[in-house]
file model_34.pdb (PDB, C-alpha atoms)
MODEL        1
ATOM      1  CA  VAL X   6      52.457 -38.399  20.643  1.00  0.00           C
ATOM      2  CA  GLY X   7      49.564 -39.448  22.839  1.00  0.00           C
ATOM      3  CA  THR X   8      49.420 -35.991  24.415  1.00  0.00           C
ATOM      4  CA  VAL X   9      49.399 -34.334  21.011  1.00  0.00           C
ATOM      5  CA  LEU X  10      46.581 -36.561  19.829  1.00  0.00           C
ATOM      6  CA  VAL X  11      44.540 -35.715  22.929  1.00  0.00           C
ATOM      7  CA  LEU X  12      45.076 -31.968  22.393  1.00  0.00           C
ATOM      8  CA  VAL X  13      44.137 -32.217  18.729  1.00  0.00           C
ATOM      9  CA  PHE X  14      41.008 -34.195  19.667  1.00  0.00           C
ATOM     10  CA  MET X  15      39.987 -31.601  22.296  1.00  0.00           C
ATOM     11  CA  MET X  16      40.533 -28.699  19.911  1.00  0.00           C
ATOM     12  CA  ASN X  17      38.411 -30.395  17.276  1.00  0.00           C
ATOM     13  CA  MET X  18      35.665 -31.031  19.810  1.00  0.00           C
ATOM     14  CA  ARG X  19      35.734 -27.425  21.018  1.00  0.00           C
ATOM     15  CA  ALA X  20      35.616 -26.077  17.483  1.00  0.00           C
ATOM     16  CA  ALA X  21      32.805 -28.418  16.591  1.00  0.00           C
ATOM     17  CA  GLY X  22      30.914 -27.537  19.746  1.00  0.00           C
ATOM     18  CA  GLY X  23      31.307 -23.773  19.321  1.00  0.00           C
ATOM     19  CA  GLY X  24      30.484 -23.908  15.656  1.00  0.00           C
ATOM     20  CA  GLY X  25      27.544 -26.140  16.373  1.00  0.00           C
ATOM     21  CA  ALA X  26      26.108 -23.692  18.911  1.00  0.00           C
ATOM     22  CA  ASN X  27      26.495 -20.771  16.553  1.00  0.00           C
ATOM     23  CA  ALA X  28      25.064 -22.785  13.732  1.00  0.00           C
ATOM     24  CA  LYS X  29      22.104 -23.751  15.894  1.00  0.00           C
ATOM     25  CA  MET X  30      21.491 -20.149  16.822  1.00  0.00           C
ATOM     26  CA  MET X  31      21.607 -19.059  13.200  1.00  0.00           C
ATOM     27  CA  ASN X  32      19.620 -22.005  11.951  1.00  0.00           C
ATOM     28  CA  PHE X  33      16.996 -21.403  14.616  1.00  0.00           C
ATOM     29  CA  GLY X  34      16.077 -18.035  13.118  1.00  0.00           C
ATOM     30  CA  LYS X  35      16.195 -19.405   9.588  1.00  0.00           C
ATOM     31  CA  SER X  36      14.062 -22.370  10.537  1.00  0.00           C
ATOM     32  CA  ARG X  37      11.374 -20.130  12.012  1.00  0.00           C
ATOM     33  CA  ALA X  38      11.443 -17.946   8.935  1.00  0.00           C
ATOM     34  CA  ARG X  39      10.890 -20.976   6.708  1.00  0.00           C
ATOM     35  CA  MET X  40       8.067 -22.235   8.926  1.00  0.00           C
ATOM     36  CA  THR X  41       6.382 -18.829   8.934  1.00  0.00           C
ATOM     37  CA  HIS X  42       6.712 -18.560   5.174  1.00  0.00           C
ATOM     38  CA  THR X  43       5.170 -21.995   4.694  1.00  0.00           C
ATOM     39  CA  SER X  44       2.359 -21.101   7.087  1.00  0.00           C
ATOM     40  CA  ASN X  45       1.595 -17.903   5.151  1.00  0.00           C
ATOM     41  CA  ILE X  46       1.460 -19.783   1.889  1.00  0.00           C
ATOM     42  CA  ASN X  47      -0.973 -22.301   3.369  1.00  0.00           C
ATOM     43  CA  PHE X  48      -3.118 -19.525   4.794  1.00  0.00           C
ATOM     44  CA  LYS X  49      -3.355 -17.818   1.413  1.00  0.00           C
ATOM     45  CA  ASN X  50      -4.398 -21.077  -0.196  1.00  0.00           C
ATOM     46  CA  VAL X  51      -7.188 -21.800   2.266  1.00  0.00           C
ATOM     47  CA  ALA X  52      -9.815 -19.924   0.251  1.00  0.00           C
ATOM     48  CA  GLY X  53      -8.831 -21.722  -2.933  1.00  0.00           C
ATOM     49  CA  LEU X  54      -8.888 -25.111  -1.227  1.00  0.00           C
ATOM     50  CA  MET X  55     -12.329 -24.420   0.234  1.00  0.00           C
ATOM     51  CA  GLU X  56     -13.616 -23.478  -3.203  1.00  0.00           C
ATOM     52  CA  GLU X  57     -12.233 -26.703  -4.654  1.00  0.00           C
ATOM     53  CA  LYS X  58     -13.812 -28.657  -1.823  1.00  0.00           C
ATOM     54  CA  GLU X  59     -17.165 -26.991  -2.438  1.00  0.00           C
ATOM     55  CA  GLU X  60     -16.943 -27.700  -6.162  1.00  0.00           C
ATOM     56  CA  LEU X  61     -16.262 -31.376  -5.492  1.00  0.00           C
ATOM     57  CA  LEU X  62     -19.215 -31.576  -3.126  1.00  0.00           C
ATOM     58  CA  CYS X  63     -21.541 -29.970  -5.645  1.00  0.00           C
ATOM     59  CA  GLN X  64     -20.360 -32.344  -8.364  1.00  0.00           C
ATOM     60  CA  ALA X  65     -20.983 -35.317  -6.075  1.00  0.00           C
ATOM     61  CA  GLY X  66     -24.649 -34.387  -5.745  1.00  0.00           C
ATOM     62  CA  GLY X  67     -26.952 -35.060  -2.817  1.00  0.00           C
ATOM     63  CA  GLU X  68     -28.825 -32.867  -0.353  1.00  0.00           C
ATOM     64  CA  ARG X  69     -25.695 -31.135   0.890  1.00  0.00           C
ATOM     65  CA  ALA X  70     -24.751 -30.213  -2.675  1.00  0.00           C
ATOM     66  CA  LYS X  71     -28.216 -28.762  -3.303  1.00  0.00           C
ATOM     67  CA  ARG X  72     -27.999 -26.710  -0.139  1.00  0.00           C
ATOM     68  CA  LEU X  73     -24.540 -25.385  -1.027  1.00  0.00           C
ATOM     69  CA  ILE X  74     -25.766 -24.341  -4.466  1.00  0.00           C
ATOM     70  CA  GLN X  75     -28.772 -22.571  -2.939  1.00  0.00           C
ATOM     71  CA  ILE X  76     -26.557 -20.808  -0.410  1.00  0.00           C
ATOM     72  CA  GLY X  77     -24.296 -19.618  -3.225  1.00  0.00           C
ATOM     73  CA  CYS X  78     -27.272 -18.163  -5.111  1.00  0.00           C
ATOM     74  CA  ASP X  79     -28.630 -16.512  -1.958  1.00  0.00           C
ATOM     75  CA  LEU X  80     -25.250 -14.985  -1.131  1.00  0.00           C
ATOM     76  CA  ASP X  81     -24.968 -13.525  -4.630  1.00  0.00           C
ATOM     77  CA  SER X  82     -28.428 -11.995  -4.280  1.00  0.00           C
ATOM     78  CA  LEU X  83     -27.699 -10.593  -0.813  1.00  0.00           C
ATOM     79  CA  GLY X  84     -24.388  -9.178  -1.989  1.00  0.00           C
ATOM     80  CA  ALA X  85     -26.175  -7.333  -4.803  1.00  0.00           C
ATOM     81  CA  GLN X  86     -28.732  -5.985  -2.314  1.00  0.00           C
ATOM     82  CA  ILE X  87     -25.985  -4.705  -0.025  1.00  0.00           C
ATOM     83  CA  ARG X  88     -24.295  -2.910  -2.917  1.00  0.00           C
ATOM     84  CA  GLU X  89     -27.587  -1.267  -3.907  1.00  0.00           C
ATOM     85  CA  LEU X  90     -28.246  -0.231  -0.324  1.00  0.00           C
ATOM     86  CA  ASP X  91     -24.757   1.262  -0.049  1.00  0.00           C
ATOM     87  CA  GLU X  92     -25.325   3.303  -3.207  1.00  0.00           C
ATOM     88  CA  ALA X  93     -28.637   4.587  -1.853  1.00  0.00           C
ATOM     89  CA  ILE X  94     -27.052   5.484   1.482  1.00  0.00           C
ATOM     90  CA  TYR X  95     -24.238   7.392  -0.226  1.00  0.00           C
ATOM     91  CA  ALA X  96     -26.775   9.285  -2.343  1.00  0.00           C
ATOM     92  CA  GLY X  97     -28.773  10.160   0.773  1.00  0.00           C
ATOM     93  CA  LYS X  98     -25.657  11.481   2.496  1.00  0.00           C
ATOM     94  CA  ASP X  99     -25.067  13.773  -0.491  1.00  0.00           C
ATOM     95  CA  VAL X 100     -28.577  15.179   0.000  1.00  0.00           C
ATOM     96  CA  GLY X 101     -27.883  15.827   3.670  1.00  0.00           C
ATOM     97  CA  TYR X 102     -24.634  17.635   2.856  1.00  0.00           C
ATOM     98  CA  ALA X 103     -26.313  19.844   0.231  1.00  0.00           C
ATOM     99  CA  LEU X 104     -29.134  20.732   2.621  1.00  0.00           C
ATOM    100  CA  ASP X 105     -26.652  21.604   5.368  1.00  0.00           C
ATOM    101  CA  GLN X 106     -24.931  23.983   2.945  1.00  0.00           C
ATOM    102  CA  MET X 107     -28.259  25.552   2.052  1.00  0.00           C
ATOM    103  CA  ILE X 108     -29.291  26.003   5.694  1.00  0.00           C
ATOM    104  CA  GLY X 109     -25.942  27.626   6.462  1.00  0.00           C
ATOM    105  CA  GLN X 110     -26.404  30.159   3.653  1.00  0.00           C
ATOM    106  CA  LEU X 111     -29.970  30.903   4.776  1.00  0.00           C
ATOM    107  CA  ASP X 112     -28.794  31.461   8.348  1.00  0.00           C
ATOM    108  CA  SER X 113     -26.253  33.960   7.063  1.00  0.00           C
ATOM    109  CA  ALA X 114     -28.909  35.654   4.908  1.00  0.00           C
ATOM    110  CA  ALA X 115     -31.220  35.882   7.916  1.00  0.00           C
ATOM    111  CA  GLY X 116     -28.453  37.535   9.937  1.00  0.00           C
ATOM    112  CA  TRP X 117     -27.882  40.151   7.248  1.00  0.00           C
ATOM    113  CA  GLY X 118     -31.663  40.528   6.942  1.00  0.00           C
ATOM    114  CA  THR X 119     -31.958  41.422  10.615  1.00  0.00           C
ATOM    115  CA  TRP X 120     -29.304  44.087  10.161  1.00  0.00           C
ATOM    116  CA  ASP X 121     -31.157  45.347   7.093  1.00  0.00           C
ATOM    117  CA  ILE X 122     -34.387  45.672   9.102  1.00  0.00           C
ATOM    118  CA  LEU X 123     -32.535  47.641  11.760  1.00  0.00           C
ATOM    119  CA  GLY X 124     -31.335  50.111   9.142  1.00  0.00           C
ATOM    120  CA  GLY X 125     -28.198  48.529   7.746  1.00  0.00           C
ATOM    121  CA  GLY X 126     -28.774  50.243   4.392  1.00  0.00           C
ATOM    122  CA  MET X 127     -27.681  49.185   0.922  1.00  0.00           C
ATOM    123  CA  LEU X 128     -24.614  47.307   2.205  1.00  0.00           C
ATOM    124  CA  ALA X 129     -26.759  45.024   4.353  1.00  0.00           C
ATOM    125  CA  THR X 130     -29.221  44.550   1.495  1.00  0.00           C
ATOM    126  CA  MET X 131     -26.448  43.543  -0.914  1.00  0.00           C
ATOM    127  CA  ALA X 132     -24.852  41.162   1.582  1.00  0.00           C
ATOM    128  CA  LYS X 133     -28.241  39.599   2.363  1.00  0.00           C
ATOM    129  CA  HIS X 134     -29.014  38.957  -1.282  1.00  0.00           C
ATOM    130  CA  GLY X 135     -25.542  37.588  -1.882  1.00  0.00           C
ATOM    131  CA  ARG X 136     -26.253  34.930   0.736  1.00  0.00           C
ATOM    132  CA  MET X 137     -29.739  34.381  -0.670  1.00  0.00           C
ATOM    133  CA  ASN X 138     -28.266  33.726  -4.096  1.00  0.00           C
ATOM    134  CA  ASP X 139     -25.832  31.263  -2.540  1.00  0.00           C
ATOM    135  CA  ALA X 140     -28.778  29.572  -0.815  1.00  0.00           C
ATOM    136  CA  GLN X 141     -30.611  29.314  -4.157  1.00  0.00           C
ATOM    137  CA  ASN X 142     -27.550  27.660  -5.696  1.00  0.00           C
ATOM    138  CA  ALA X 143     -27.342  25.276  -2.759  1.00  0.00           C
ATOM    139  CA  ALA X 144     -31.059  24.508  -3.185  1.00  0.00           C
ATOM    140  CA  PHE X 145     -30.415  23.642  -6.835  1.00  0.00           C
ATOM    141  CA  GLN X 146     -27.617  21.263  -5.795  1.00  0.00           C
ATOM    142  CA  ALA X 147     -29.893  19.757  -3.152  1.00  0.00           C
ATOM    143  CA  ARG X 148     -32.646  19.121  -5.710  1.00  0.00           C
ATOM    144  CA  GLN X 149     -30.181  17.366  -7.984  1.00  0.00           C
ATOM    145  CA  ALA X 150     -28.958  15.255  -5.067  1.00  0.00           C
ATOM    146  CA  ILE X 151     -32.576  14.429  -4.146  1.00  0.00           C
ATOM    147  CA  SER X 152     -33.207  13.303  -7.721  1.00  0.00           C
ATOM    148  CA  ARG X 153     -30.196  10.938  -7.568  1.00  0.00           C
ATOM    149  CA  PHE X 154     -31.291   9.694  -4.157  1.00  0.00           C
ATOM    150  CA  ARG X 155     -34.791   9.004  -5.476  1.00  0.00           C
ATOM    151  CA  THR X 156     -33.327   6.964  -8.344  1.00  0.00           C
ATOM    152  CA  GLU X 157     -31.080   4.895  -6.066  1.00  0.00           C
ATOM    153  CA  LEU X 158     -33.827   4.405  -3.510  1.00  0.00           C
ATOM    154  CA  ALA X 159     -36.193   3.000  -6.141  1.00  0.00           C
ATOM    155  CA  ASP X 160     -33.783   0.064  -6.606  1.00  0.00           C
ATOM    156  CA  VAL X 161     -34.018  -1.102  -2.994  1.00  0.00           C
ATOM    157  CA  SER X 162     -37.165   0.199  -1.341  1.00  0.00           C
ATOM    158  CA  GLN X 163     -40.665   1.612  -1.713  1.00  0.00           C
ATOM    159  CA  LEU X 164     -39.709   4.542   0.505  1.00  0.00           C
ATOM    160  CA  ARG X 165     -40.385   7.978  -0.941  1.00  0.00           C
ATOM    161  CA  VAL X 166     -37.963  10.884  -1.000  1.00  0.00           C
ATOM    162  CA  PRO X 167     -39.561  14.219  -0.054  1.00  0.00           C
ATOM    163  CA  ASP X 168     -39.503  17.228  -2.357  1.00  0.00           C
ATOM    164  CA  LEU X 169     -37.657  20.395  -1.401  1.00  0.00           C
ATOM    165  CA  GLN X 170     -40.084  23.315  -1.497  1.00  0.00           C
ATOM    166  CA  VAL X 171     -38.167  26.567  -1.844  1.00  0.00           C
ATOM    167  CA  GLY X 172     -39.623  29.518  -3.738  1.00  0.00           C
ATOM    168  CA  GLU X 173     -37.783  32.319  -5.469  1.00  0.00           C
ATOM    169  CA  PHE X 174     -36.674  35.211  -3.299  1.00  0.00           C
ATOM    170  CA  THR X 175     -37.891  38.690  -4.225  1.00  0.00           C
ATOM    171  CA  SER X 176     -34.802  40.719  -5.013  1.00  0.00           C
ATOM    172  CA  PHE X 177     -36.226  43.476  -7.235  1.00  0.00           C
ATOM    173  CA  ALA X 178     -38.680  44.772  -4.630  1.00  0.00           C
ATOM    174  CA  ASP X 179     -36.042  44.656  -1.906  1.00  0.00           C
ATOM    175  CA  TYR X 180     -33.636  46.819  -3.935  1.00  0.00           C
ATOM    176  CA  PHE X 181     -36.030  49.320  -5.459  1.00  0.00           C
ATOM    177  CA  PHE X 182     -38.816  49.491  -2.869  1.00  0.00           C
ATOM    178  CA  ASP X 183     -36.665  49.212   0.211  1.00  0.00           C
ATOM    179  CA  GLY X 184     -38.592  49.539   3.423  1.00  0.00           C
ATOM    180  CA  LEU X 185     -39.603  47.826   6.608  1.00  0.00           C
ATOM    181  CA  PHE X 186     -42.497  45.864   5.108  1.00  0.00           C
ATOM    182  CA  VAL X 187     -40.431  44.585   2.198  1.00  0.00           C
ATOM    183  CA  ASP X 188     -37.592  43.644   4.549  1.00  0.00           C
ATOM    184  CA  LEU X 189     -39.994  41.759   6.803  1.00  0.00           C
ATOM    185  CA  TYR X 190     -41.487  39.981   3.791  1.00  0.00           C
ATOM    186  CA  ILE X 191     -38.051  38.869   2.578  1.00  0.00           C
ATOM    187  CA  GLN X 192     -37.118  37.786   6.093  1.00  0.00           C
ATOM    188  CA  ASP X 193     -40.258  35.657   6.233  1.00  0.00           C
ATOM    189  CA  LYS X 194     -39.358  34.070   2.873  1.00  0.00           C
ATOM    190  CA  ILE X 195     -35.910  33.204   4.218  1.00  0.00           C
ATOM    191  CA  GLY X 196     -37.433  31.647   7.334  1.00  0.00           C
ATOM    192  CA  THR X 197     -39.907  29.608   5.264  1.00  0.00           C
ATOM    193  CA  ALA X 198     -37.118  28.311   3.040  1.00  0.00           C
ATOM    194  CA  ARG X 199     -35.035  27.349   6.072  1.00  0.00           C
ATOM    195  CA  ARG X 200     -37.907  25.439   7.662  1.00  0.00           C
ATOM    196  CA  SER X 201     -38.499  23.583   4.399  1.00  0.00           C
ATOM    197  CA  ALA X 202     -34.821  22.637   4.188  1.00  0.00           C
ATOM    198  CA  GLU X 203     -34.802  21.476   7.815  1.00  0.00           C
ATOM    199  CA  GLU X 204     -37.945  19.364   7.340  1.00  0.00           C
ATOM    200  CA  THR X 205     -36.518  17.788   4.200  1.00  0.00           C
ATOM    201  CA  ALA X 206     -33.202  17.099   5.954  1.00  0.00           C
ATOM    202  CA  ALA X 207     -35.033  15.412   8.864  1.00  0.00           C
ATOM    203  CA  GLN X 208     -37.032  13.205   6.477  1.00  0.00           C
ATOM    204  CA  VAL X 209     -33.899  12.265   4.544  1.00  0.00           C
ATOM    205  CA  GLU X 210     -32.111  11.353   7.779  1.00  0.00           C
ATOM    206  CA  ASP X 211     -35.059   9.148   8.733  1.00  0.00           C
ATOM    207  CA  LEU X 212     -34.824   7.407   5.351  1.00  0.00           C
ATOM    208  CA  LEU X 213     -31.095   6.892   5.871  1.00  0.00           C
ATOM    209  CA  SER X 214     -31.730   5.319   9.272  1.00  0.00           C
ATOM    210  CA  GLN X 215     -34.171   2.867   7.703  1.00  0.00           C
ATOM    211  CA  LEU X 216     -31.720   2.046   4.929  1.00  0.00           C
ATOM    212  CA  ARG X 217     -28.902   1.445   7.414  1.00  0.00           C
ATOM    213  CA  ARG X 218     -31.096  -0.916   9.446  1.00  0.00           C
ATOM    214  CA  GLU X 219     -32.041  -2.786   6.294  1.00  0.00           C
ATOM    215  CA  ARG X 220     -28.382  -3.057   5.317  1.00  0.00           C
ATOM    216  CA  ASP X 221     -27.497  -4.436   8.748  1.00  0.00           C
ATOM    217  CA  ARG X 222     -30.232  -7.054   8.491  1.00  0.00           C
ATOM    218  CA  THR X 223     -29.114  -8.041   5.006  1.00  0.00           C
ATOM    219  CA  ALA X 224     -25.468  -8.284   6.060  1.00  0.00           C
ATOM    220  CA  GLU X 225     -26.390 -10.416   9.077  1.00  0.00           C
ATOM    221  CA  ARG X 226     -28.383 -12.765   6.866  1.00  0.00           C
ATOM    222  CA  ALA X 227     -25.377 -13.094   4.556  1.00  0.00           C
ATOM    223  CA  ALA X 228     -23.129 -13.819   7.542  1.00  0.00           C
ATOM    224  CA  GLU X 229     -25.493 -16.566   8.724  1.00  0.00           C
ATOM    225  CA  LEU X 230     -25.394 -18.187   5.294  1.00  0.00           C
ATOM    226  CA  GLU X 231     -21.590 -17.991   5.260  1.00  0.00           C
ATOM    227  CA  ARG X 232     -21.463 -19.774   8.616  1.00  0.00           C
ATOM    228  CA  GLU X 233     -23.843 -22.466   7.385  1.00  0.00           C
ATOM    229  CA  ARG X 234     -21.715 -22.911   4.260  1.00  0.00           C
ATOM    230  CA  GLU X 235     -18.600 -23.345   6.394  1.00  0.00           C
ATOM    231  CA  ARG X 236     -20.340 -25.982   8.535  1.00  0.00           C
ATOM    232  CA  LEU X 237     -21.416 -27.913   5.458  1.00  0.00           C
ATOM    233  CA  LEU X 238     -17.883 -27.866   4.053  1.00  0.00           C
ATOM    234  CA  ALA X 239     -16.331 -28.829   7.382  1.00  0.00           C
ATOM    235  CA  GLY X 240     -18.592 -31.860   7.591  1.00  0.00           C
ATOM    236  CA  MET X 241     -17.184 -33.456   4.407  1.00  0.00           C
TER     237      MET X 241
ENDMDL
END
call {"tool": "encode", "arguments": {"input": "model_34.pdb", "output": "structure tokens"}}
result
Amino acid sequence: VGTVLVLVFMMNMRAAGGGGANAKMMNFGKSRARMTHTSNINFKNVAGLMEEKEELLCQAGGERAKRLIQIGCDLDSLGAQIRELDEAIYAGKDVGYALDQMIGQLDSAAGWGTWDILGGGMLATMAKHGRMNDAQNAAFQARQAISRFRTELADVSQLRVPDLQVGEFTSFADYFFDGLFVDLYIQDKIGTARRSAEETAAQVEDLLSQLRRERDRTAERAAELERERERLLAGM
């Protein structure tokens, strides 16, 4: 009987030990999952808790409360400035894209124009004017983009957007009075239009650089205020 009791006791201990190890292994993973889940929940609530803390501080009054209120107003103002600057930068990029399209069409027209001067005939003339028409359309798109850029820029800066000076190309004379002098005249018009587009593109890029620097300064100022706000809240 004593032997049987000892065997039963040992079997129970072994089963309990083995089950306990397995249970520990399984519970270890579950425990970590629960801890991670709790940590995530706390992390998500940090912003809300900080807002509640700030609200309590402001309600309590005092110099710190005044400073927190002023920081909140300044951050709202800086955030609005950054949004306006972003809109102006996007509008300026649209101008640059439209001008690039225009310059590409003018380059193609100039290539066909050279062939026309060398005696390419009616085919070269038609191809040249096809590209010139495309360049005129691109110039129209560029002017519209410049108008939008000018509107957006007025909200954030006193900087001026340059005008795009591109005249009409003479198609009638090129078709019906075809000759070397007319071809050279048209080629000169294409070159003048290209230089105007390049100058405008360079000025727009300079404006964009200034806007980007202003945005960086504004964002840095906002970041400084955020850090000051955090220090004030941490000192409660």
call {"tool": "residues_around", "arguments": {"input": "model_34.pdb", "residues": "Cys78 of chain X", "least_positions_apart": "6", "cutoff": "12 Å", "atoms": "only C-alpha atoms", "output": "list in words"}}
result
Lys71, Arg72, Gly84, Ala85, Ala227, Leu230, Glu231 and Arg234 of chain X
call {"tool": "atom_distance", "arguments": {"input": "model_34.pdb", "atom1": "atom CA of Ser152 of chain X", "atom2": "atom CA of Arg136 of chain X"}}
result
24.2 Å
call {"tool": "resolve_selection", "arguments": {"input": "model_34.pdb", "expression": "the PyMOL selection byres ((chain X and resi 195-212) around 8)", "output": "number ranges by chain"}}
result
X: 97, 100-101, 104-105, 107-108, 111-112, 114-115, 137, 164, 166-172, 174, 191-194, 213-216
call {"tool": "atom_distance", "arguments": {"input": "model_34.pdb", "atom1": "atom CA of Leu158 of chain X", "atom2": "atom CA of Leu90 of chain X"}}
result
7.9 Å
call {"tool": "residues_near_point", "arguments": {"input": "model_34.pdb", "point": "(-29.8, -7.6, 1.0)", "cutoff": "8 Å", "atoms": "all atoms listed in the file", "output": "list in words"}}
result
Ser82, Leu83, Gly84, Ala85, Gln86, Ile87, Leu90, Glu219, Arg220, Arg222, Thr223, Ala224, Arg226 and Ala227 of chain X
call {"tool": "resolve_selection", "arguments": {"input": "model_34.pdb", "expression": "the PyMOL selection byres ((chain X and resi 117) around 12)", "output": "compact mmCIF listing (two decimals) with C-alpha atoms, in the coordinates of the input"}}
result
# COMPACT_ATOMS: atom_id res chain seq x y z
CA GLN X 110 -26.40 30.16 3.65
CA LEU X 111 -29.97 30.90 4.78
CA ASP X 112 -28.79 31.46 8.35
CA SER X 113 -26.25 33.96 7.06
CA ALA X 114 -28.91 35.65 4.91
CA ALA X 115 -31.22 35.88 7.92
CA GLY X 116 -28.45 37.53 9.94
CA GLY X 118 -31.66 40.53 6.94
CA THR X 119 -31.96 41.42 10.62
CA TRP X 120 -29.30 44.09 10.16
CA ASP X 121 -31.16 45.35 7.09
CA ILE X 122 -34.39 45.67 9.10
CA LEU X 123 -32.53 47.64 11.76
CA GLY X 124 -31.34 50.11 9.14
CA GLY X 125 -28.20 48.53 7.75
CA GLY X 126 -28.77 50.24 4.39
CA MET X 127 -27.68 49.18 0.92
CA LEU X 128 -24.61 47.31 2.20
CA ALA X 129 -26.76 45.02 4.35
CA THR X 130 -29.22 44.55 1.50
CA MET X 131 -26.45 43.54 -0.91
CA ALA X 132 -24.85 41.16 1.58
CA LYS X 133 -28.24 39.60 2.36
CA HIS X 134 -29.01 38.96 -1.28
CA GLY X 135 -25.54 37.59 -1.88
CA ARG X 136 -26.25 34.93 0.74
CA MET X 137 -29.74 34.38 -0.67
CA ASP X 188 -37.59 43.64 4.55
CA ILE X 191 -38.05 38.87 2.58
CA GLN X 192 -37.12 37.79 6.09
CA ILE X 195 -35.91 33.20 4.22
call {"tool": "atom_distance", "arguments": {"input": "model_34.pdb", "atom1": "atom CA of Ala103 of chain X", "atom2": "atom CA of Ala159 of chain X"}}
result
20.5 Å
call {"tool": "resolve_selection", "arguments": {"input": "model_34.pdb", "expression": "the PyMOL selection byres ((chain X and resi 153) around 12)", "output": "ChimeraX atom specification"}}
result
/X:92-100,146-152,154-160,166
